[in-house]
Amino acid sequence: MTSRSTRTSSASSNGVPERSGLTLRELRDKPVSALRAVGPRLEPQLAELGIVTVLDLLEHYPRRYHDRTSVADIANLAVGQEATVTGELKKVSVRRPRQRRPIVELELFDGTSYLRLTFFNQEYRAKLEVGTEVSVFGRVELYRGRRQMVNPALDVLGKHGDATTGVLLPVYPQSGKAGIHSWQLRRLVAQALERTKPRGFADPLDDDLRAARGLVDRTTAYWRVHQPASLDDAHVARARLAFDEFLRIQVRLVARRRAIEAERTGIEHRVDGPVLAAFRARLPFALTAAQERAIADIEGDLARPAPMHRLLQGEVGSGKTVVALGALLVAVQGGHQGAFLAPTEVLAEQHELTLRSLVDGVMVSAPDQLLAERPVHVALLTGRTPAAERRRLADGLRAGSVDIVVGTHALLEEGVSFPNLGLAVIDEQHRFGVEQRDVLRGKGDDPDVLVMTATPIPRTAAMLLYGDLDKSELRELPAGRPPVETLLVGPSPLERTAVYDRLRAEVDAGRQAYVVCPLVEGSERVVATAATTEYERLATEELAGLRLGLLHGQLPSADKEAVMARFRARELDVLVATTVIEVGVDVPNATVMVVEDADRFGLLQLHQLRGRIGRGAHPSWCYLLADPTTPEGRARLEAMRDTTDGFELAERDLEIRGAGAVFGERQSGFSDLKLGRLPRDEPIVVESRQLAEQLLDADPELADHVALRDEFEDLYPEDAADFLFKS
């Protein structure tokens, strides 16, 4: 890797250092306490807002702007209007009501009419002199037949200081707890910007790249986002800074993908062997066209020498597990092993049952056996696997007699080793991070990797979350599955009685049902239905006489599995549960889903829950019980009622809540976004991806883009070392 000392001392042909501007690293390394206005009292208050460095301060962007640039005539002011007016003070007076603080009253004249200015608790305003030219901004009120402004912002014209009228005033995110106000942040940001004047900001994009995209330089962008002369200025600045955020993420993802493609040698699997053929011949159902396309994509990857890194994104109930098992059997028939990582024990146990049933009777070559073959061996490893069973599993892995291991995070532990790992499958990838993916991949010699999610992801979000992966989609459901009817149910007792009447009728017909609650136990702080309370109530009231089970995440693992086993075996009619059943639970006989306080769940979470029914041949009903108090809650429920298309719901959820709320700020990419937002910035995401690919395809080490290379190494040193700079 090129050393920092070499890079920072390099010079252009005219002798000027290439990094003459302030870099983001320099700003990040400079504590905010270096600003003279930040004293011992203010420093901890800023820290409450996450502002520790000068870069934190400059990236604490305005939430909105108050437009105070348009100056109005007093004669034309309307009651309720917010406006800026300028004029001359004609009268200054102070009233001191008994046992109350003084009231300062000013009379302002602008040549068209008079306006009274009333200030409470601001006696220092009385020091203003008649004849002073001022500018004020405030809301016009009517008091005793006269127009007035109460406690308006006021600037003395011609006086030095912070202008609060006649300007586009930035309003910053602030915190009552921290005790920091927007005017304080404006003053600190202004001081920080002044400190940057001698050098400006280093720009990772050269003039040609900026011009081709209509972007301003970074120095202009930072000044205009904090001190815009117009809203257009602010929008242009925001577009440039958001582009920088997305470009950094995309360079990171594209560099990772290019490095894997270029440097790692994978396994050339045989994709037309007898094991896979026997598996497909024994399937009790026909594969959908979407499954066939996904299998073709995966087999194409597996047949190449470079390791596969593919995302299988599937609609709820679209058959991802079958596709993943087909891929695992390609590895197994070549003498390799497979690992299947799931986020929860319930899901891991469900997958293990499904895989074992689907490979029943499928044989694999075993030269040391009498018949030279043996059944495919699927094993389970979770946190509750007994020590003796763990040892047997480890022995089987070492001996090569265990072909596929399904497990939870227990698979990632140091003591678990795969002598010949050929394929790693990671289910519900959004529950894990890139680090866990790398740990599992590191247990083999560059094994192929397939990650799966039943959470449909909008295209632009996928470019940030999974930009280093190829993608396949399953949007088609298996034939013969009737649609699920979704109904919104309000607080009316009559409506809710009808819901449980339907549930009883389905149970009488031999079907089963779920009742889902947002909480495990009641809380004094949260008014929401708790599973334990609802279980006890339903057992004695609406569902008395039915066989009820209770399932939630706080139950011991053995108890959870026992409850699920009884439900699968139809020994329970109704399962009262929390979102522990959200993914992976597959009971085709269940036809009714009742979700209590449905407005407390996310849209895609509701879609996942609804996916637990409608998995058989019988009609199914999903009842969303709620009395939403917010427009967002109502919008989610209406979206659920209107469509069962998970990809359409994903786009709606992104519009309603934004990417950070949908996928979690800790997901790769979203935590780096300060200005960038999805889906609003989809064009910027696409353009930044195109630029990242263009730059790295032509210049893999960014040798011709030193400023961008330096910034990437400054902000992501580990990624730079692993995926970008190899010289």
# chains A, B, ... in the order shown; residues from 1 in each chain; ligands from 1

call {"tool": "select_by_dssp", "arguments": {"residues": "segment 154-229 of chain A", "states": "alpha helix (DSSP H)", "output": "MDAnalysis selection string"}}
result
chainID A and resid 182:196 207:213 218:226

call {"tool": "write_last_selection", "arguments": {"atoms": "N, CA and C atoms", "output": "CSV table (one decimal), in the first residue's frame"}}
result
chain,number,residue,atom,x,y,z
A,182,SER,N,-30.8,26.1,17.9
A,182,SER,CA,-30.4,26.2,16.5
A,182,SER,C,-29.5,27.5,16.3
A,183,TRP,N,-29.7,28.6,17.0
A,183,TRP,CA,-28.9,29.8,16.8
A,183,TRP,C,-27.5,29.5,17.3
A,184,GLN,N,-27.3,28.7,18.3
A,184,GLN,CA,-25.9,28.4,18.7
A,184,GLN,C,-25.2,27.5,17.7
A,185,LEU,N,-25.9,26.6,17.1
A,185,LEU,CA,-25.3,25.8,16.0
A,185,LEU,C,-25.0,26.6,14.8
A,186,ARG,N,-25.8,27.6,14.5
A,186,ARG,CA,-25.5,28.4,13.3
A,186,ARG,C,-24.2,29.2,13.6
A,187,ARG,N,-24.1,29.7,14.8
A,187,ARG,CA,-22.9,30.5,15.1
A,187,ARG,C,-21.6,29.6,15.1
A,188,LEU,N,-21.7,28.4,15.6
A,188,LEU,CA,-20.6,27.5,15.6
A,188,LEU,C,-20.2,27.1,14.2
A,189,VAL,N,-21.2,26.8,13.4
A,189,VAL,CA,-20.9,26.4,12.0
A,189,VAL,C,-20.3,27.5,11.2
A,190,ALA,N,-20.8,28.8,11.5
A,190,ALA,CA,-20.2,29.9,10.8
A,190,ALA,C,-18.7,30.1,11.2
A,191,GLN,N,-18.4,29.9,12.4
A,191,GLN,CA,-17.0,30.0,12.9
A,191,GLN,C,-16.2,28.9,12.2
A,192,ALA,N,-16.7,27.7,12.2
A,192,ALA,CA,-16.0,26.6,11.6
A,192,ALA,C,-15.7,26.8,10.1
A,193,LEU,N,-16.7,27.4,9.4
A,193,LEU,CA,-16.5,27.7,8.0
A,193,LEU,C,-15.5,28.8,7.8
A,194,GLU,N,-15.5,29.8,8.6
A,194,GLU,CA,-14.5,30.8,8.6
A,194,GLU,C,-13.0,30.2,8.7
A,195,ARG,N,-12.9,29.2,9.6
A,195,ARG,CA,-11.6,28.6,9.8
A,195,ARG,C,-11.1,27.9,8.6
A,196,THR,N,-12.0,27.5,7.7
A,196,THR,CA,-11.6,26.7,6.5
A,196,THR,C,-11.2,27.6,5.3
A,207,ASP,N,-12.5,18.6,-12.0
A,207,ASP,CA,-13.4,19.5,-12.6
A,207,ASP,C,-14.2,18.8,-13.7
A,208,ASP,N,-13.6,17.9,-14.5
A,208,ASP,CA,-14.3,17.3,-15.6
A,208,ASP,C,-15.5,16.4,-15.0
A,209,LEU,N,-15.2,15.6,-13.9
A,209,LEU,CA,-16.2,14.8,-13.4
A,209,LEU,C,-17.4,15.6,-12.8
A,210,ARG,N,-17.0,16.7,-12.2
A,210,ARG,CA,-18.1,17.6,-11.6
A,210,ARG,C,-18.9,18.2,-12.7
A,211,ALA,N,-18.2,18.7,-13.7
A,211,ALA,CA,-18.9,19.4,-14.8
A,211,ALA,C,-19.9,18.4,-15.6
A,212,ALA,N,-19.5,17.2,-15.8
A,212,ALA,CA,-20.3,16.2,-16.5
A,212,ALA,C,-21.6,15.9,-15.7
A,213,ARG,N,-21.6,16.2,-14.4
A,213,ARG,CA,-22.7,15.8,-13.6
A,213,ARG,C,-23.4,17.1,-13.0
A,218,ARG,N,-16.7,21.0,-3.7
A,218,ARG,CA,-17.1,20.7,-2.3
A,218,ARG,C,-17.0,22.0,-1.4
A,219,THR,N,-16.1,22.9,-1.6
A,219,THR,CA,-16.0,24.1,-0.8
A,219,THR,C,-17.3,24.9,-0.9
A,220,THR,N,-17.8,25.1,-2.2
A,220,THR,CA,-19.0,25.8,-2.4
A,220,THR,C,-20.2,25.0,-1.8
A,221,ALA,N,-20.2,23.7,-1.9
A,221,ALA,CA,-21.3,22.9,-1.3
A,221,ALA,C,-21.4,23.1,0.2
A,222,TYR,N,-20.3,23.0,0.9
A,222,TYR,CA,-20.4,23.2,2.4
A,222,TYR,C,-20.8,24.6,2.8
A,223,TRP,N,-20.4,25.6,2.1
A,223,TRP,CA,-20.8,27.0,2.4
A,223,TRP,C,-22.3,27.2,2.1
A,224,ARG,N,-22.7,26.7,0.9
A,224,ARG,CA,-24.1,26.9,0.5
A,224,ARG,C,-25.1,26.1,1.3
A,225,VAL,N,-24.7,24.9,1.8
A,225,VAL,CA,-25.7,24.1,2.5
A,225,VAL,C,-26.0,24.8,3.9
A,226,HIS,N,-25.0,25.5,4.4
A,226,HIS,CA,-25.1,26.1,5.8
A,226,HIS,C,-25.5,27.6,5.7

call {"tool": "residues_around", "arguments": {"residues": "Val376 of chain A", "least_positions_apart": "2", "cutoff": "12 Å", "atoms": "only C-alpha atoms", "output": "MDAnalysis selection string"}}
result
chainID A and resid 275:276 278:279 325 328:333 335:338 355:366 373:374 378:379 400:405

call {"tool": "select_by_dssp", "arguments": {"residues": "segment 272-504 of chain A", "states": "strand (DSSP E or B)", "output": "PyMOL selection string"}}
result
chain A and resi 309-314+337-341+363-365+373-375+378-381+404-407+421-426+448-453+470-474+484-489

call {"tool": "closest_residue", "arguments": {"among": "A:Leu370, A:Ala339, A:Leu381, A:Val439", "to": "Asp427 of chain A", "atoms": "only C-alpha atoms"}}
result
A:Ala339

call {"tool": "closest_residue", "arguments": {"among": "A:Met308, A:Val322, A:Ala289, A:Ile656", "to": "Asp446 of chain A", "atoms": "only C-alpha atoms"}}
result
A:Met308

call {"tool": "residues_around", "arguments": {"residues": "Val416 of chain A", "least_positions_apart": "2", "cutoff": "12 Å", "atoms": "only C-alpha atoms", "output": "list of chain:residue names"}}
result
A:Ala339, A:Leu381, A:Thr382, A:Arg390, A:Arg391, A:Arg392, A:Leu393, A:Ala394, A:Asp395, A:Gly396, A:Leu397, A:Arg398, A:Val405, A:Gly407, A:Thr408, A:His409, A:Ala410, A:Leu411, A:Leu412, A:Glu413, A:Glu414, A:Phe418, A:Pro419, A:Leu421, A:Val439, A:Leu440, A:Gly442, A:Lys443, A:Gly444

call {"tool": "closest_residue", "arguments": {"among": "A:Ala698, A:Val140, A:Ala562, A:Val516", "to": "Tyr623 of chain A", "atoms": "only C-alpha atoms"}}
result
A:Val516

call {"tool": "atom_distance", "arguments": {"atom1": "atom CA of Glu349 of chain A", "atom2": "atom CA of Met564 of chain A"}}
result
9.7 Å

call {"tool": "closest_atom_pairs", "arguments": {"of": "segment 204-308 of chain A", "to": "segment 676-692 of chain A", "cutoff": "9 Å", "atoms": "only C-alpha atoms", "output": "JSON lines"}}
result
{"residue": "A:Leu209", "atom": "CA", "partner": "A:Leu691", "partner_atom": "CA", "distance": 8.9}
{"residue": "A:Arg213", "atom": "CA", "partner": "A:Glu687", "partner_atom": "CA", "distance": 8.7}
{"residue": "A:Arg238", "atom": "CA", "partner": "A:Gly676", "partner_atom": "CA", "distance": 8.6}
{"residue": "A:Ala239", "atom": "CA", "partner": "A:Ile684", "partner_atom": "CA", "distance": 7.9}
{"residue": "A:Leu241", "atom": "CA", "partner": "A:Gly676", "partner_atom": "CA", "distance": 8.2}
{"residue": "A:Ala242", "atom": "CA", "partner": "A:Gly676", "partner_atom": "CA", "distance": 4.8}
{"residue": "A:Phe243", "atom": "CA", "partner": "A:Ile684", "partner_atom": "CA", "distance": 6.0}
{"residue": "A:Asp244", "atom": "CA", "partner": "A:Ser688", "partner_atom": "CA", "distance": 8.2}
{"residue": "A:Glu245", "atom": "CA", "partner": "A:Gly676", "partner_atom": "CA", "distance": 6.9}
{"residue": "A:Phe246", "atom": "CA", "partner": "A:Val685", "partner_atom": "CA", "distance": 6.1}
{"residue": "A:Leu247", "atom": "CA", "partner": "A:Ser688", "partner_atom": "CA", "distance": 4.9}
{"residue": "A:Arg248", "atom": "CA", "partner": "A:Ala692", "partner_atom": "CA", "distance": 8.5}
{"residue": "A:Ile249", "atom": "CA", "partner": "A:Arg689", "partner_atom": "CA", "distance": 8.9}
{"residue": "A:Gln250", "atom": "CA", "partner": "A:Arg689", "partner_atom": "CA", "distance": 5.5}
{"residue": "A:Val251", "atom": "CA", "partner": "A:Ala692", "partner_atom": "CA", "distance": 5.1}
{"residue": "A:Arg252", "atom": "CA", "partner": "A:Ala692", "partner_atom": "CA", "distance": 8.7}
{"residue": "A:Leu253", "atom": "CA", "partner": "A:Ala692", "partner_atom": "CA", "distance": 9.0}
{"residue": "A:Val254", "atom": "CA", "partner": "A:Ala692", "partner_atom": "CA", "distance": 6.8}
{"residue": "A:Ala255", "atom": "CA", "partner": "A:Ala692", "partner_atom": "CA", "distance": 8.5}

call {"tool": "residues_around", "arguments": {"residues": "segment 54-63 of chain A", "least_positions_apart": "2", "cutoff": "8 Å", "atoms": "only C-alpha atoms", "output": "number ranges by chain"}}
result
A: 24, 27-32, 50-52, 65, 170-173, 189, 192, 222, 225-226, 674-675

call {"tool": "closest_residue", "arguments": {"among": "A:His309, A:Glu133, A:Met463, A:Arg199", "to": "Ala424 of chain A", "atoms": "only C-alpha atoms"}}
result
A:His309

call {"tool": "closest_residue", "arguments": {"among": "A:Val323, A:Ala454, A:Val346, A:Leu77", "to": "Ala650 of chain A", "atoms": "only C-alpha atoms"}}
result
A:Ala454

call {"tool": "closest_residue", "arguments": {"among": "A:Glu292, A:Asp233, A:Glu542, A:Asp642", "to": "Leu488 of chain A", "atoms": "only C-alpha atoms"}}
result
A:Asp642

call {"tool": "atom_distance", "arguments": {"atom1": "atom CA of Phe285 of chain A", "atom2": "atom CA of Ala324 of chain A"}}
result
16.0 Å

call {"tool": "residues_around", "arguments": {"residues": "Ile581 of chain A", "least_positions_apart": "2", "cutoff": "9 Å", "atoms": "only C-alpha atoms", "output": "PyMOL selection string"}}
result
chain A and resi 346-347+516+551-552+577-579+583-585+608-609+612

call {"tool": "residues_around", "arguments": {"residues": "Asp501 of chain A", "least_positions_apart": "6", "cutoff": "12 Å", "atoms": "only C-alpha atoms", "output": "list in words"}}
result
Leu494, Glu495, Val507, Asp508, Glu542, Leu543, Val592 and Val594 of chain A

call {"tool": "write_last_selection", "arguments": {"atoms": "N, CA and C atoms", "output": "compact mmCIF listing (two decimals), in the first residue's frame"}}
result
# COMPACT_ATOMS: atom_id res chain seq x y z
N LEU A 494 -68.12 -5.50 17.91
CA LEU A 494 -68.87 -6.30 16.95
C LEU A 494 -67.95 -6.82 15.84
N GLU A 495 -67.07 -5.91 15.33
CA GLU A 495 -66.14 -6.31 14.27
C GLU A 495 -65.18 -7.39 14.77
N VAL A 507 -61.12 -23.42 12.42
CA VAL A 507 -60.65 -24.52 13.29
C VAL A 507 -61.63 -25.69 13.23
N ASP A 508 -62.92 -25.39 13.21
CA ASP A 508 -63.93 -26.45 13.10
C ASP A 508 -63.77 -27.22 11.79
N GLU A 542 -62.96 -15.56 24.02
CA GLU A 542 -63.33 -15.80 22.62
C GLU A 542 -62.99 -17.19 22.11
N LEU A 543 -61.85 -17.75 22.59
CA LEU A 543 -61.41 -19.04 22.05
C LEU A 543 -61.45 -20.15 23.09
N VAL A 592 -55.64 -18.64 9.10
CA VAL A 592 -56.10 -17.38 9.68
C VAL A 592 -54.94 -16.73 10.45
N VAL A 594 -54.42 -13.30 12.86
CA VAL A 594 -54.99 -12.13 13.54
C VAL A 594 -53.81 -11.36 14.14
